[in-house]
Amino acid sequence: MTPLYTGVRLPVRVGLVGTGYAAKLRAQTLQGEARAHLVAVAGHTPETTEAFSQTYGAQAVISWRQLVEREDLDLVIISNISRDHDLIARAALSAGKHVVVEYPISLDPVEAEKLIALAAQQNKLLHVEHIELLGGVHQALVESLPAVGEAFYARYVTISPQQPAPRKWTYQRDLFGFPLSGALSRLHRLTDLFGQVATVSCQSRFWDAPPPASEAGFFTACLCAASLRFTNGVVAEVIYGKGETFWQAERKLEVHGDQGTLIFNGEEGRLVRGEETTPIEVGSRRGLFAKDTAMVLDHLSEGAPLYVTPAASAYTLKVADAARRSAETGQTITISN
């Protein structure tokens with residue numbers, strides 16, 4: 001294979017935006033990757049950014065705007081708050097950098113499409129991380145799906161109690177976005193499996209934090225319950241909740257077909273056919289950010305294919321935004337495909 005982009009050289013010089021959990025895993029991966037070098041980091045606060053940069057042998061930068069303009073960077077990885085993903089991606093692409101961004105690419109599906117067009121115009125990589133597709137559960141689900149025959153119903157539930165709810169951006173409305181957009185993987189698993197969506201109906205509820213935190217948009221819990229009808233006839237329910245009002249964690253994915261049912265409860269999978277139950281081997285969730293990073297470097301240096309396209313991610317974002325509009329209006333939203 002040959003590189004798809006001109007001027008790519010090794011090691012790829014990387015700038016990282018963010019100092020949280022995902023950024024930490026990216027930095028750890030880059031430390032052990034001979035084909036890349038972490039050059040600079042931009043974070044939310046100077047103290048945290050300086051400490052993070054020292055840990056991973058990089059230079060601390062005052063702001064992401066300053067970082068994307070640096071001439072000694074080839075690739076910018078965006079691992080900060082969801083609200084700013086599109087702003088940083090646009091600036092980085094315009095500055096001639098390749099871009100890797102954690103989902104969602106944007107909270108606005110129209111802006112997501114514009115960013116994809118800009119990346120094509122600039123002949124630069126725009127990769128939206130969706131490591132849920134690389135995980136053991138999804139891989140086992142894809143491999144086992146033919147065993148249920150014609151699928152007609154799916155149900156995906158993730159409930160995450162947190163006592164108390166943290167005062168962080170993932171519990172702040174304008175920074176995290178509508179829950180099914182901020183947690184886009186809950187929908188993306190299903191669009192990857194079943195394709196295009198015809199209609200979406202959704203209900204949502206937020207429990208606001210007490211003042212003064214509520215004035216900054218903080219909430220203590222949220223719940224989204226969406227019903228999707230796919231163009232191939234599959235009906236799916238997606239339930240996503242987190243925060244203080246929940247007391248029992250749940251992570252369960254079911255797919256029902258005319259010849260059997262697949263059930264993944266946490267990391268355990270099984271195929272059910274009447275009284276017969278067959279265990280399904282599920283791979284590990286560990287090392288997925290490292291795998292994603294390695295595939296990006298394979299793509300940049302050798303032209304190897306990636307496991308997901310930005311267009312696929314943007315389509316799922318369109319579905320998530322339809323869920324938001326349904327929750328706000330009480331109407332079922334028809335999606336134009």
# chains A, B, ... in the order shown; residues from 1 in each chain; ligands from 1
call {"tool": "residues_around", "arguments": {"residues": "range 294-300 of chain A", "least_positions_apart": "6", "cutoff": "7 Å", "atoms": "only C-alpha atoms", "output": "PyMOL selection string"}}
result
chain A and resi 3-5+8+306
call {"tool": "residues_around", "arguments": {"residues": "Thr231 in chain A", "least_positions_apart": "2", "cutoff": "6 Å", "atoms": "only C-alpha atoms", "output": "list in words"}}
result
Gln196, Val197, Ala198 and Gly233 of chain A
call {"tool": "residues_around", "arguments": {"residues": "Ala60 in chain A", "least_positions_apart": "2", "cutoff": "9 Å", "atoms": "only C-alpha atoms", "output": "list in words"}}
result
Val39, Ala40, Val41, Ala42, Gly43, Pro46, Thr49, Glu50, Ala51, Phe52, Ser53, Gln54, Ala58 and Ile62 of chain A
call {"tool": "closest_residue", "arguments": {"among": "A:Tyr56, A:Leu67, A:Asp174, A:Pro166", "to": "Glu244 in chain A", "atoms": "only C-alpha atoms"}}
result
A:Pro166
call {"tool": "atom_distance", "arguments": {"atom1": "CA of Val319 in chain A", "atom2": "CA of Gly287 in chain A"}}
result
28.6 Å
